[in-house]
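Enquirer: This is upload-v3.cif (mmCIF, C-alpha atoms (C1' of nucleotides)).
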```cif
data_work
#
loop_
_atom_site.label_atom_id
_atom_site.label_comp_id
_atom_site.auth_asym_id
_atom_site.auth_seq_id
_atom_site.Cartn_x
_atom_site.Cartn_y
_atom_site.Cartn_z
CA MET A 257 163.11 158.86 55.15
CA SER A 258 164.68 161.59 57.31
CA SER A 259 162.15 164.19 56.18
CA ALA A 260 159.59 163.32 58.88
CA ALA A 261 159.76 166.23 61.30
CA PRO A 262 160.16 165.22 64.94
CA PRO A 263 157.47 166.47 67.33
CA ALA A 264 158.47 169.65 69.04
CA SER A 265 158.39 168.98 72.73
CA THR A 266 158.55 165.24 73.37
CA GLY A 267 162.27 164.68 73.29
CA TYR A 268 161.73 162.57 70.16
CA ALA A 269 164.77 163.86 68.33
CA ARG A 270 166.99 163.20 71.33
CA GLY A 271 165.43 159.75 71.58
CA ARG A 272 166.39 158.96 68.00
CA ALA A 273 169.92 160.11 68.64
CA THR A 274 170.24 157.87 71.69
CA ARG A 275 168.81 154.91 69.75
CA GLU A 276 171.47 155.41 67.11
CA GLU A 277 174.21 155.72 69.71
CA ILE A 278 173.05 152.53 71.39
CA LEU A 279 173.13 150.64 68.10
CA GLU A 280 176.66 151.81 67.39
CA ALA A 281 177.88 150.84 70.85
CA ALA A 282 176.16 147.46 70.49
CA VAL A 283 177.89 146.81 67.14
CA GLN A 284 181.21 147.52 68.81
CA LEU A 285 180.71 145.40 71.91
CA PHE A 286 179.05 142.48 70.10
CA GLY A 287 182.09 142.54 67.85
CA GLU A 288 184.56 142.69 70.71
CA VAL A 289 183.18 139.87 72.86
CA GLY A 290 180.26 138.35 70.95
CA TYR A 291 176.58 138.62 71.64
CA ARG A 292 176.30 136.25 74.56
CA THR A 293 179.19 137.71 76.53
CA ALA A 294 178.27 141.32 75.88
CA SER A 295 176.26 142.91 78.68
CA LEU A 296 173.55 145.53 78.43
CA ARG A 297 175.17 147.38 81.32
CA GLU A 298 178.41 147.79 79.37
CA ILE A 299 176.62 148.97 76.23
CA ALA A 300 174.48 151.36 78.26
CA SER A 301 177.44 152.80 80.11
CA ARG A 302 179.26 153.44 76.83
CA VAL A 303 176.45 155.78 75.76
CA GLY A 304 176.10 157.29 79.21
CA ILE A 305 172.82 155.80 80.36
CA SER A 306 171.77 153.04 82.75
CA HIS A 307 170.77 149.64 81.52
CA PRO A 308 167.05 150.09 82.24
CA GLY A 309 167.41 153.27 80.20
CA LEU A 310 168.66 151.15 77.30
CA LEU A 311 165.81 148.68 77.74
CA HIS A 312 163.40 151.52 77.23
CA HIS A 313 164.62 151.75 73.61
CA PHE A 314 164.99 148.02 72.98
CA PRO A 315 162.72 145.76 75.02
CA SER A 316 165.24 142.92 75.31
CA LYS A 317 168.80 141.97 74.48
CA ALA A 318 167.63 139.84 71.56
CA ALA A 319 165.62 142.77 70.17
CA LEU A 320 168.77 144.88 70.27
CA LEU A 321 170.64 142.19 68.33
CA GLU A 322 167.90 142.09 65.69
CA ALA A 323 168.03 145.85 65.31
CA VAL A 324 171.82 145.73 64.90
CA LEU A 325 171.57 143.10 62.16
CA ALA A 326 168.73 144.88 60.37
CA ARG A 327 170.69 148.13 60.34
CA ARG A 328 173.83 146.47 58.94
CA ASP A 329 171.79 144.78 56.21
CA GLU A 330 170.31 148.12 55.22
CA VAL A 331 173.64 149.96 55.15
CA ASP A 332 175.46 147.16 53.30
CA SER A 333 172.83 146.51 50.67
CA ILE A 334 172.53 150.21 49.84
CA ALA A 335 176.29 150.53 49.34
CA LEU A 336 176.53 147.27 47.39
CA GLN A 337 173.66 148.26 45.10
CA ALA A 338 175.28 151.64 44.46
CA ASP A 339 178.47 149.90 43.31
CA LEU A 340 176.52 147.56 41.04
CA ASP A 341 174.54 150.48 39.61
CA ALA A 342 177.86 152.22 38.91
CA GLY A 343 178.67 149.34 36.58
CA HIS A 344 181.04 147.32 38.77
CA SER A 345 181.03 143.55 38.59
CA LEU A 346 179.80 141.61 41.59
CA GLY A 347 183.37 140.49 42.32
CA GLU A 348 184.59 144.08 42.26
CA ALA A 349 181.61 145.20 44.37
CA PHE A 350 182.56 142.53 46.91
CA ALA A 351 186.15 143.76 46.96
CA ARG A 352 184.84 147.25 47.66
CA VAL A 353 182.77 145.99 50.55
CA VAL A 354 185.97 144.51 51.94
CA GLU A 355 187.79 147.79 51.36
CA ARG A 356 185.20 149.66 53.40
CA ASN A 357 185.32 147.03 56.14
CA VAL A 358 189.09 147.33 56.47
CA ALA A 359 188.48 150.94 57.49
CA ARG A 360 185.94 149.84 60.11
CA PRO A 361 187.38 146.89 62.03
CA GLY A 362 184.40 146.83 64.39
CA ILE A 363 182.15 145.66 61.56
CA VAL A 364 184.51 142.82 60.69
CA GLU A 365 184.69 141.74 64.30
CA LEU A 366 180.91 141.89 64.54
CA PHE A 367 180.32 139.52 61.66
CA VAL A 368 183.13 137.13 62.50
CA SER A 369 181.96 136.88 66.10
CA LEU A 370 178.26 136.65 65.37
CA SER A 371 178.42 134.25 62.43
CA ALA A 372 180.53 131.83 64.49
CA GLU A 373 178.30 132.15 67.54
CA ALA A 374 175.16 131.79 65.45
CA THR A 375 176.18 128.41 64.03
CA SER A 376 174.70 126.86 67.16
CA ALA A 377 171.03 126.10 66.73
CA GLY A 378 169.69 127.89 69.78
CA HIS A 379 171.30 131.26 69.03
CA PRO A 380 168.93 134.21 68.51
CA ALA A 381 170.66 135.07 65.22
CA HIS A 382 170.77 131.48 63.95
CA ALA A 383 167.84 131.85 61.53
CA TYR A 384 169.16 135.22 60.35
CA PHE A 385 172.54 133.84 59.37
CA ARG A 386 171.10 130.72 57.73
CA ARG A 387 168.93 132.90 55.53
CA ARG A 388 171.68 135.42 54.88
CA TYR A 389 174.21 132.82 53.71
CA ALA A 390 171.65 131.05 51.54
CA GLU A 391 170.79 134.35 49.85
CA VAL A 392 174.36 135.50 49.34
CA LEU A 393 175.47 132.12 47.99
CA ALA A 394 172.54 132.02 45.56
CA THR A 395 173.25 135.55 44.35
CA VAL A 396 176.93 134.87 43.73
CA ARG A 397 176.20 131.56 42.05
CA ARG A 398 173.75 133.20 39.62
CA ASP A 399 176.36 135.85 38.85
CA PHE A 400 178.97 133.19 38.07
CA GLU A 401 176.45 131.36 35.87
CA GLN A 402 175.99 134.51 33.82
CA LEU A 403 179.74 134.96 33.54
CA ARG A 404 180.04 131.36 32.38
CA ASP A 405 177.34 131.87 29.74
CA ARG A 406 179.22 134.92 28.48
CA GLY A 407 182.42 132.89 28.32
CA VAL A 408 184.19 134.97 30.97
CA LEU A 409 184.37 132.27 33.63
CA ARG A 410 187.05 129.63 33.20
CA PRO A 411 185.29 126.62 31.67
CA ASP A 412 186.60 124.23 34.33
CA VAL A 413 185.05 126.29 37.14
CA ASP A 414 181.70 125.21 38.57
CA PRO A 415 179.60 128.30 39.44
CA ALA A 416 178.13 126.85 42.64
CA THR A 417 181.50 125.68 43.92
CA ALA A 418 183.15 128.98 42.99
CA ALA A 419 180.43 130.91 44.82
CA ARG A 420 181.05 128.90 47.97
CA GLN A 421 184.79 129.37 47.63
CA LEU A 422 184.52 133.13 47.14
CA VAL A 423 182.30 133.59 50.18
CA ALA A 424 184.56 131.29 52.18
CA VAL A 425 187.67 133.26 51.18
CA LEU A 426 185.96 136.44 52.31
CA ASP A 427 185.08 134.98 55.70
CA GLY A 428 188.35 133.17 56.25
CA LEU A 429 190.51 136.18 55.40
CA GLN A 430 188.66 138.22 57.98
CA VAL A 431 189.74 135.83 60.73
CA GLN A 432 193.35 135.98 59.57
CA TRP A 433 193.19 139.75 59.33
CA LEU A 434 191.77 140.16 62.83
CA LEU A 435 194.36 137.81 64.30
CA GLU A 436 197.12 139.85 62.66
CA GLU A 437 196.10 143.06 64.37
CA GLY A 438 199.14 145.04 65.46
CA LEU A 439 201.52 143.47 62.93
CA PRO A 440 203.28 145.78 60.46
CA PRO A 441 200.91 146.32 57.50
CA ALA A 442 203.28 144.50 55.16
CA GLU A 443 202.88 141.29 57.14
CA ARG A 444 199.15 141.63 57.51
CA VAL A 445 196.89 140.10 54.87
CA ASP A 446 195.76 142.55 52.19
CA MET A 447 192.13 141.49 52.09
CA PRO A 448 190.93 143.48 49.08
CA ALA A 449 193.94 142.37 47.04
CA ALA A 450 193.45 138.73 48.02
CA VAL A 451 189.77 138.86 47.13
CA ARG A 452 190.53 140.45 43.75
CA ALA A 453 193.27 137.89 43.11
CA PHE A 454 190.89 135.07 43.85
CA SER A 455 188.14 136.50 41.65
CA ALA A 456 190.62 137.02 38.82
CA SER A 457 191.89 133.44 39.13
CA LEU A 458 188.39 132.20 38.29
CA MET A 459 188.22 134.11 34.99
CA VAL A 460 189.70 133.21 31.60
CA GLY A 461 192.84 134.83 30.34
CA MET B 183 202.64 105.96 75.80
CA SER B 184 199.89 103.81 77.28
CA SER B 185 202.32 101.19 78.55
CA ALA B 186 203.02 102.97 81.84
CA ALA B 187 201.21 100.88 84.44
CA PRO B 188 198.98 102.90 86.74
CA PRO B 189 199.67 102.59 90.49
CA ALA B 190 197.50 99.93 92.06
CA SER B 191 195.56 101.62 94.81
CA THR B 192 195.50 105.38 94.29
CA GLY B 193 192.59 105.69 91.90
CA TYR B 194 195.09 106.89 89.27
CA ALA B 195 193.53 105.00 86.40
CA ARG B 196 190.08 106.28 87.23
CA GLY B 197 191.52 109.78 87.52
CA ARG B 198 193.00 109.62 84.04
CA ALA B 199 189.69 108.40 82.67
CA THR B 200 187.84 111.30 84.27
CA ARG B 201 190.39 113.77 82.93
CA GLU B 202 189.83 112.44 79.45
CA GLU B 203 186.05 112.58 79.85
CA ILE B 204 186.26 116.16 81.06
CA LEU B 205 188.34 117.17 78.04
CA GLU B 206 185.85 115.57 75.67
CA ALA B 207 182.88 117.28 77.32
CA ALA B 208 184.78 120.59 77.26
CA VAL B 209 185.48 120.25 73.52
CA GLN B 210 181.78 119.71 72.97
CA LEU B 211 180.51 122.57 75.11
CA PHE B 212 183.17 125.07 74.02
CA GLY B 213 182.10 124.20 70.48
CA GLU B 214 178.41 124.59 71.21
CA VAL B 215 178.45 127.95 72.97
CA GLY B 216 182.05 129.18 72.92
CA TYR B 217 184.56 129.36 75.74
CA ARG B 218 183.24 132.41 77.53
CA THR B 219 179.63 131.26 77.65
CA ALA B 220 180.42 127.68 78.60
CA SER B 221 180.18 127.02 82.33
CA LEU B 222 182.28 124.67 84.41
CA ARG B 223 179.11 123.44 86.10
CA GLU B 224 177.64 122.34 82.77
CA ILE B 225 180.83 120.54 81.70
CA ALA B 226 181.11 118.90 85.11
CA SER B 227 177.51 117.74 85.10
CA ARG B 228 177.97 116.15 81.66
CA VAL B 229 180.63 113.85 83.09
CA GLY B 230 178.70 113.30 86.29
CA ILE B 231 180.79 115.26 88.79
CA SER B 232 180.46 118.57 90.58
CA HIS B 233 182.30 121.66 89.42
CA PRO B 234 184.77 121.68 92.32
CA GLY B 235 185.42 118.07 91.30
CA LEU B 236 186.34 119.31 87.83
CA LEU B 237 188.56 122.02 89.28
CA HIS B 238 190.55 119.33 91.04
CA HIS B 239 191.73 118.13 87.59
CA PHE B 240 192.13 121.55 85.99
CA PRO B 241 192.91 124.41 88.37
CA SER B 242 190.99 127.03 86.38
CA LYS B 243 188.75 127.45 83.38
CA ALA B 244 191.61 128.89 81.33
CA ALA B 245 193.78 125.87 82.23
CA LEU B 246 191.02 123.61 80.92
CA LEU B 247 190.96 125.57 77.66
CA GLU B 248 194.72 125.24 77.28
CA ALA B 249 194.50 121.50 77.83
CA VAL B 250 191.76 121.20 75.22
CA LEU B 251 193.85 123.08 72.64
CA ALA B 252 197.02 121.16 73.44
CA ARG B 253 195.21 117.85 73.04
CA ARG B 254 193.72 118.84 69.68
CA ASP B 255 197.12 119.96 68.44
CA GLU B 256 198.60 116.62 69.43
CA VAL B 257 195.87 114.53 67.79
CA ASP B 258 195.79 116.63 64.62
CA SER B 259 199.52 116.84 64.07
CA ILE B 260 199.96 113.08 64.53
CA ALA B 261 197.25 112.33 61.96
CA LEU B 262 198.54 114.97 59.54
CA GLN B 263 202.10 113.70 59.80
CA ALA B 264 200.91 110.14 59.15
CA ASP B 265 199.24 111.28 55.92
CA LEU B 266 202.36 113.13 54.81
CA ASP B 267 204.54 110.11 55.65
CA ALA B 268 202.18 108.00 53.55
CA GLY B 269 203.22 110.14 50.59
CA HIS B 270 200.19 112.42 50.30
CA SER B 271 200.64 116.03 49.25
CA LEU B 272 199.95 118.75 51.79
CA GLY B 273 196.79 119.70 49.88
CA GLU B 274 195.56 116.13 50.00
CA ALA B 275 196.53 115.81 53.66
CA PHE B 276 194.46 118.92 54.36
CA ALA B 277 191.50 117.45 52.52
CA ARG B 278 191.82 114.37 54.71
CA VAL B 279 191.80 116.48 57.85
CA VAL B 280 188.55 117.98 56.58
CA GLU B 281 187.18 114.51 55.84
CA ARG B 282 187.83 113.44 59.42
CA ASN B 283 186.30 116.64 60.76
CA VAL B 284 183.09 116.12 58.80
CA ALA B 285 182.63 112.94 60.83
CA ARG B 286 183.15 114.87 64.08
CA PRO B 287 181.10 118.06 63.94
CA GLY B 288 182.03 118.96 67.51
CA ILE B 289 185.63 119.58 66.44
CA VAL B 290 184.53 121.89 63.65
CA GLU B 291 182.28 123.82 66.01
CA LEU B 292 185.12 124.06 68.50
CA PHE B 293 187.53 125.68 66.10
CA VAL B 294 184.99 127.95 64.44
CA SER B 295 183.77 129.19 67.83
CA LEU B 296 187.16 129.55 69.44
CA SER B 297 189.02 131.12 66.53
CA ALA B 298 186.31 133.79 66.22
CA GLU B 299 186.20 134.42 69.95
CA ALA B 300 189.99 134.51 70.19
CA THR B 301 190.33 137.33 67.65
CA SER B 302 189.73 139.74 70.55
CA ALA B 303 192.98 140.67 72.24
CA GLY B 304 192.03 139.81 75.80
CA HIS B 305 190.93 136.25 75.10
CA PRO B 306 192.87 133.47 76.86
CA ALA B 307 193.41 131.68 73.54
CA HIS B 308 194.41 134.82 71.61
CA ALA B 309 198.14 134.10 71.66
CA TYR B 310 197.53 130.45 70.81
CA PHE B 311 195.56 131.26 67.66
CA ARG B 312 197.95 133.98 66.53
CA ARG B 313 200.82 131.51 66.74
CA ARG B 314 198.83 128.69 65.19
CA TYR B 315 197.76 130.70 62.15
CA ALA B 316 201.24 132.08 61.61
CA GLU B 317 202.67 128.55 61.68
CA VAL B 318 200.06 127.02 59.41
CA LEU B 319 200.30 129.85 56.88
CA ALA B 320 204.11 129.59 56.80
CA THR B 321 203.98 125.83 56.33
CA VAL B 322 201.50 126.01 53.46
CA ARG B 323 203.39 128.86 51.81
CA ARG B 324 206.65 126.87 51.87
CA ASP B 325 204.83 123.91 50.36
CA PHE B 326 203.48 126.07 47.53
CA GLU B 327 206.94 127.52 46.95
CA GLN B 328 208.30 124.01 46.45
CA LEU B 329 205.46 123.19 44.06
CA ARG B 330 206.24 126.36 42.13
CA ASP B 331 209.92 125.45 41.90
CA ARG B 332 208.95 122.03 40.56
CA GLY B 333 206.67 123.70 38.01
CA VAL B 334 203.51 122.18 39.44
CA LEU B 335 201.96 125.42 40.66
CA ARG B 336 200.35 127.63 38.06
CA PRO B 337 202.91 130.32 37.23
CA ASP B 338 200.48 133.18 37.86
CA VAL B 339 199.82 132.00 41.44
CA ASP B 340 201.70 133.68 44.29
CA PRO B 341 202.57 131.09 46.98
CA ALA B 342 201.91 133.40 49.93
CA THR B 343 198.56 134.56 48.56
CA ALA B 344 197.53 131.02 47.68
CA ALA B 345 198.42 129.83 51.18
CA ARG B 346 196.18 132.48 52.70
CA GLN B 347 193.39 131.64 50.28
CA LEU B 348 193.57 127.91 51.02
CA VAL B 349 193.45 128.40 54.78
CA ALA B 350 190.64 130.93 54.34
CA VAL B 351 188.64 128.51 52.18
CA LEU B 352 189.02 125.86 54.86
CA ASP B 353 187.79 128.19 57.60
CA GLY B 354 185.02 129.79 55.59
CA LEU B 355 183.58 126.50 54.38
CA GLN B 356 183.29 125.32 57.96
CA VAL B 357 180.97 128.21 58.78
CA GLN B 358 178.81 127.47 55.74
CA TRP B 359 178.76 123.78 56.60
CA LEU B 360 177.72 124.37 60.20
CA LEU B 361 174.97 126.79 59.16
CA GLU B 362 173.62 124.17 56.75
CA GLU B 363 173.11 121.58 59.45
CA GLY B 364 169.87 119.69 58.93
CA LEU B 365 169.69 120.36 55.18
CA PRO B 366 169.60 117.37 52.83
CA PRO B 367 173.22 116.32 52.17
CA ALA B 368 172.91 117.29 48.51
CA GLU B 369 172.32 120.93 49.45
CA ARG B 370 175.01 121.01 52.08
CA VAL B 371 178.53 122.02 51.07
CA ASP B 372 180.84 119.08 50.35
CA MET B 373 183.85 120.41 52.22
CA PRO B 374 186.47 117.84 51.16
CA ALA B 375 185.41 118.15 47.52
CA ALA B 376 185.50 121.96 47.66
CA VAL B 377 188.96 121.92 49.24
CA ARG B 378 190.27 119.49 46.62
CA ALA B 379 188.70 121.55 43.84
CA PHE B 380 190.39 124.67 45.15
CA SER B 381 193.77 122.98 45.50
CA ALA B 382 193.48 121.57 42.01
CA SER B 383 192.61 124.98 40.57
CA LEU B 384 195.98 126.28 41.73
CA MET B 385 197.95 123.63 39.85
CA VAL B 386 198.92 123.54 36.14
CA GLY B 387 196.96 121.46 33.67
"C1'" DG C 201 163.09 159.07 78.93
"C1'" DT C 202 165.83 157.98 82.58
"C1'" DC C 203 166.66 156.76 87.13
"C1'" DT C 204 167.30 153.62 91.72
"C1'" DA C 205 166.35 149.41 93.69
"C1'" DT C 206 165.66 144.79 93.41
"C1'" DA C 207 164.35 140.09 92.00
"C1'" DG C 208 166.09 135.78 90.61
"C1'" DA C 209 169.45 133.34 88.46
"C1'" DC C 210 173.99 132.32 87.03
"C1'" DT C 211 179.26 132.68 87.19
"C1'" DG C 212 184.46 131.09 88.70
"C1'" DA C 213 186.74 129.99 92.53
"C1'" DT C 214 187.71 128.59 97.53
"C1'" DA C 215 187.28 126.22 102.24
"C1'" DG C 216 186.97 122.31 104.43
"C1'" DA C 217 184.74 117.61 105.39
"C1'" DC C 218 185.19 112.80 104.10
"C1'" DG D 293 189.15 112.49 94.27
"C1'" DT D 294 184.87 114.16 95.15
"C1'" DC D 295 181.58 116.40 97.82
"C1'" DT D 296 178.53 120.45 100.13
"C1'" DA D 297 178.43 125.08 101.30
"C1'" DT D 298 179.58 129.51 100.37
"C1'" DC D 299 181.64 133.99 98.66
"C1'" DA D 300 181.60 137.80 95.81
"C1'" DG D 301 180.65 138.96 91.56
"C1'" DT D 302 177.97 139.06 87.26
"C1'" DC D 303 173.80 138.81 84.32
"C1'" DT D 304 168.72 140.06 82.16
"C1'" DA D 305 164.69 141.92 83.31
"C1'" DT D 306 161.03 144.33 86.06
"C1'" DA D 307 158.74 147.73 89.42
"C1'" DG D 308 157.97 152.05 90.39
"C1'" DA D 309 159.55 157.05 91.34
"C1'" DC D 310 160.33 161.37 88.94
#
```
Here is a file; write its structure as structure tokens.
Expert:
Amino acid sequence: MSSAAPPASTGYARGRATREEILEAAVQLFGEVGYRTASLREIASRVGISHPGLLHHFPSKAALLEAVLARRDEVDSIALQADLDAGHSLGEAFARVVERNVARPGIVELFVSLSAEATSAGHPAHAYFRRRYAEVLATVRRDFEQLRDRGVLRPDVDPATAARQLVAVLDGLQVQWLLEEGLPPAERVDMPAAVRAFSASLMVG
Amino acid sequence: MSSAAPPASTGYARGRATREEILEAAVQLFGEVGYRTASLREIASRVGISHPGLLHHFPSKAALLEAVLARRDEVDSIALQADLDAGHSLGEAFARVVERNVARPGIVELFVSLSAEATSAGHPAHAYFRRRYAEVLATVRRDFEQLRDRGVLRPDVDPATAARQLVAVLDGLQVQWLLEEGLPPAERVDMPAAVRAFSASLMVG
DNA sequence: GTCTATAGACTGATAGAC
DNA sequence: GTCTATCAGTCTATAGAC
């Protein structure tokens, strides 16, 4: 992917760098104040350009949001797949996603803010989040069905319900964790531990 | 409460009615687009007055938000206490809160939107939600501790962790439920059932 | 690729009439 | 208690120079 050589004299390489910087600043600000409240001027100023300069890279605010979401999907799915390929269970792979997120609070803020905002029908990311949740829930449910067939899942646990509960625990803990910012670590929720505890509580033994 | 007779000629009764209408419209709009994006003009127009007219009842936008939250706290805690007094367990009382909320989607939207928005430190409801979550988590944890002492809680369940998981499930399911608006009811998450299933999974037997 | 300038619309809040 | 008018600020997006 990164092997395509940039043209020599067009400023292409610099352009790519700025695009990346813009995306990172957008992730941060969308996380801090949500998509609707975030302004292009603020994002632009954080990377040292004017807001028409930003609009040269992304033709509109909604296009910038789409690019942010597409980039997160790419990064997340690569890391998740790597964990699965390394032989980890889906539950453990999820816990590892959470572990990485704890080290990058901006990402957690981004998804908490955007998923809440996007519940309203007119939001530019509404369709994205509907699709995303449907996919994730289906994936987790299928995984639990396999565990049930192998006798690993507790027999009184319904795979579809458990999938919804696991995803809900993930989302809900993020809100608690963000609201506990600044508390001593001992009082703050240990998200990876809580996710692992929940996963374990669904299994036999 | 409602037995205090309004003065005869001051327009007091009408004023109270307008105040109530404003609060209801604010709940709706804050839920639809969040606090920051909601405009006083839009709320005012929904109750048929101008925005300076609204500001006569609530001196600022933040004051309106505070009033909205205070009113929800009052309504919710009265209903919750009534369920507890009627002999229901805290888990069951929670499930009943969810049942009522399913019939009033605006309330669910309000809390999903606001709690996400308020995770950022500068938000006018930040302190409110920090306090609220700390209180709710402590209450649920104490309840689980009592259940453990009575041998009702599964012995491998930690009360503090379970409290966090229950509150997280509640919050997370709301996001899923809102994103599934418009789907056939069979495909939409059954929030009360999922909450009851989770509560039950924590108990022995 | 980035800028200044600007259009056109919206915001919360205030002043002051009735 | 509600209004009109207005202030000073913000927003996204576009036009056009360099």
Enquirer: In Å, rounded to a single decimal, give me how far CA of Thr293 in chain A is from CA of Glu280 in chain A.
Expert: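 The value is 17.0 Å.
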Enquirer: Calculated over all atoms listed in the file, which of the candidates A:Arg275, A:Leu325, A:Val431, A:Ala318 has the smallest distance to Phe311 in chain B?
Expert: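 Residue with the minimum atom-to-atom distance to Phe311 in chain B: A:Val431.
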Enquirer: Give me the residues within 10 Å of Ala449 in chain A as a PyMOL selection string, counting all atoms listed in the file and dropping any in the same chain fewer than 3 places off.
Expert: (chain A and resi 351+354-355+445-446+452-455) or (chain B and resi 343)
Enquirer: On this structure, the PyMOL selection byres ((chain A) within 6 of (chain B)) would catch which residues? List them as a PyMOL selection string, sorted by chain and number.
Expert: chain A and resi 288+368-369+372+375-376+386+424-425+427-429+434-435
Enquirer: Output as a PyMOL selection string the set of chain C residues within 9 Å of chain A, with distances taken over only C-alpha atoms (C1' of nucleotides).
Expert: chain C and resi 201-203
Enquirer: At a cut-off of 10 Å, which residues of chain A touch chain D? Count only C-alpha atoms (C1' of nucleotides) and give the answer as a list in words.
Expert: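 Output check: Thr293, Ala294, Ser295, Leu296, Arg297, His307, Pro308, Leu311, Pro315, Ser316 and Lys317 of chain A.
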Enquirer: Can you write out the residues you just picked, keeping C-alpha atoms, as a PDB file, in the frame of the given file?
Expert:
```pdb
ATOM      1  CA  THR A 293     179.190 137.710  76.530  1.00  0.00           C
ATOM      2  CA  ALA A 294     178.270 141.320  75.880  1.00  0.00           C
ATOM      3  CA  SER A 295     176.260 142.910  78.680  1.00  0.00           C
ATOM      4  CA  LEU A 296     173.550 145.530  78.430  1.00  0.00           C
ATOM      5  CA  ARG A 297     175.170 147.380  81.320  1.00  0.00           C
ATOM      6  CA  HIS A 307     170.770 149.640  81.520  1.00  0.00           C
ATOM      7  CA  PRO A 308     167.050 150.090  82.240  1.00  0.00           C
ATOM      8  CA  LEU A 311     165.810 148.680  77.740  1.00  0.00           C
ATOM      9  CA  PRO A 315     162.720 145.760  75.020  1.00  0.00           C
ATOM     10  CA  SER A 316     165.240 142.920  75.310  1.00  0.00           C
ATOM     11  CA  LYS A 317     168.800 141.970  74.480  1.00  0.00           C
TER      12      LYS A 317
END
```
Enquirer: Mind pulling up the distance from CA of Pro337 in chain B to CA of Asp405 in chain A?
Expert: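 Computing the Euclidean distance for CA of Asp405 in chain A and CA of Pro337 in chain B yields 26.7 Å.
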Enquirer: As an exercise, work out the distance from CA of Gly407 in chain A to CA of Glu348 in chain A in Å and give it to one decimal place.
Expert: 18.0 Å
Enquirer: Just so the selection is clear, what residues does the PyMOL selection byres ((chain B and resi 258-266) around 12) cover here, as an mmCIF file with C-alpha atoms, in the coordinates of the input?
Expert:
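Heads up, here's the output in expr.cif:
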```cif
data_model
loop_
_atom_site.group_PDB
_atom_site.id
_atom_site.type_symbol
_atom_site.label_atom_id
_atom_site.label_comp_id
_atom_site.auth_asym_id
_atom_site.auth_seq_id
_atom_site.Cartn_x
_atom_site.Cartn_y
_atom_site.Cartn_z
ATOM 1 C CA LEU B 251 193.850 123.080 72.640
ATOM 2 C CA ALA B 252 197.020 121.160 73.440
ATOM 3 C CA ARG B 253 195.210 117.850 73.040
ATOM 4 C CA ARG B 254 193.720 118.840 69.680
ATOM 5 C CA ASP B 255 197.120 119.960 68.440
ATOM 6 C CA GLU B 256 198.600 116.620 69.430
ATOM 7 C CA VAL B 257 195.870 114.530 67.790
ATOM 8 C CA ASP B 267 204.540 110.110 55.650
ATOM 9 C CA ALA B 268 202.180 108.000 53.550
ATOM 10 C CA GLY B 269 203.220 110.140 50.590
ATOM 11 C CA HIS B 270 200.190 112.420 50.300
ATOM 12 C CA SER B 271 200.640 116.030 49.250
ATOM 13 C CA LEU B 272 199.950 118.750 51.790
ATOM 14 C CA GLY B 273 196.790 119.700 49.880
ATOM 15 C CA GLU B 274 195.560 116.130 50.000
ATOM 16 C CA ALA B 275 196.530 115.810 53.660
ATOM 17 C CA PHE B 276 194.460 118.920 54.360
ATOM 18 C CA ALA B 277 191.500 117.450 52.520
ATOM 19 C CA ARG B 278 191.820 114.370 54.710
ATOM 20 C CA VAL B 279 191.800 116.480 57.850
ATOM 21 C CA VAL B 280 188.550 117.980 56.580
ATOM 22 C CA GLU B 281 187.180 114.510 55.840
ATOM 23 C CA ARG B 282 187.830 113.440 59.420
ATOM 24 C CA ASN B 283 186.300 116.640 60.760
ATOM 25 C CA ILE B 289 185.630 119.580 66.440
ATOM 26 C CA ARG B 314 198.830 128.690 65.190
ATOM 27 C CA VAL B 318 200.060 127.020 59.410
ATOM 28 C CA ASP B 325 204.830 123.910 50.360
#
```
Enquirer: Box for chain D: with edges along x, y and z, all listed atoms inside and 4 Å added on each side, what are the centre and edge lengths in Å to one decimal, as JSON?
Expert:
```
{"center_x": 173.6, "center_y": 136.9, "center_z": 91.7, "size_x": 39.2, "size_y": 56.9, "size_z": 27.1}
```
Enquirer: Have range 345-351 of chain B completed to N, CA and C atoms, please, and pass it along as a JSON list (two decimals), in the coordinates of the input.
Expert:
```json
[["chain", "number", "residue", "atom", "x", "y", "z"],
["B", 345, "ALA", "N", 198.47, 130.43, 49.85],
["B", 345, "ALA", "CA", 198.42, 129.83, 51.18],
["B", 345, "ALA", "C", 197.30, 130.46, 52.00],
["B", 346, "ARG", "N", 197.24, 131.79, 51.96],
["B", 346, "ARG", "CA", 196.18, 132.48, 52.70],
["B", 346, "ARG", "C", 194.81, 132.10, 52.18],
["B", 347, "GLN", "N", 194.68, 131.99, 50.86],
["B", 347, "GLN", "CA", 193.39, 131.64, 50.28],
["B", 347, "GLN", "C", 192.98, 130.22, 50.68],
["B", 348, "LEU", "N", 193.92, 129.29, 50.67],
["B", 348, "LEU", "CA", 193.57, 127.91, 51.02],
["B", 348, "LEU", "C", 193.11, 127.81, 52.46],
["B", 349, "VAL", "N", 193.85, 128.42, 53.37],
["B", 349, "VAL", "CA", 193.45, 128.40, 54.78],
["B", 349, "VAL", "C", 192.11, 129.10, 54.97],
["B", 350, "ALA", "N", 191.90, 130.21, 54.24],
["B", 350, "ALA", "CA", 190.64, 130.93, 54.34],
["B", 350, "ALA", "C", 189.48, 130.08, 53.82],
["B", 351, "VAL", "N", 189.70, 129.37, 52.72],
["B", 351, "VAL", "CA", 188.64, 128.51, 52.18],
["B", 351, "VAL", "C", 188.26, 127.45, 53.21]]
```
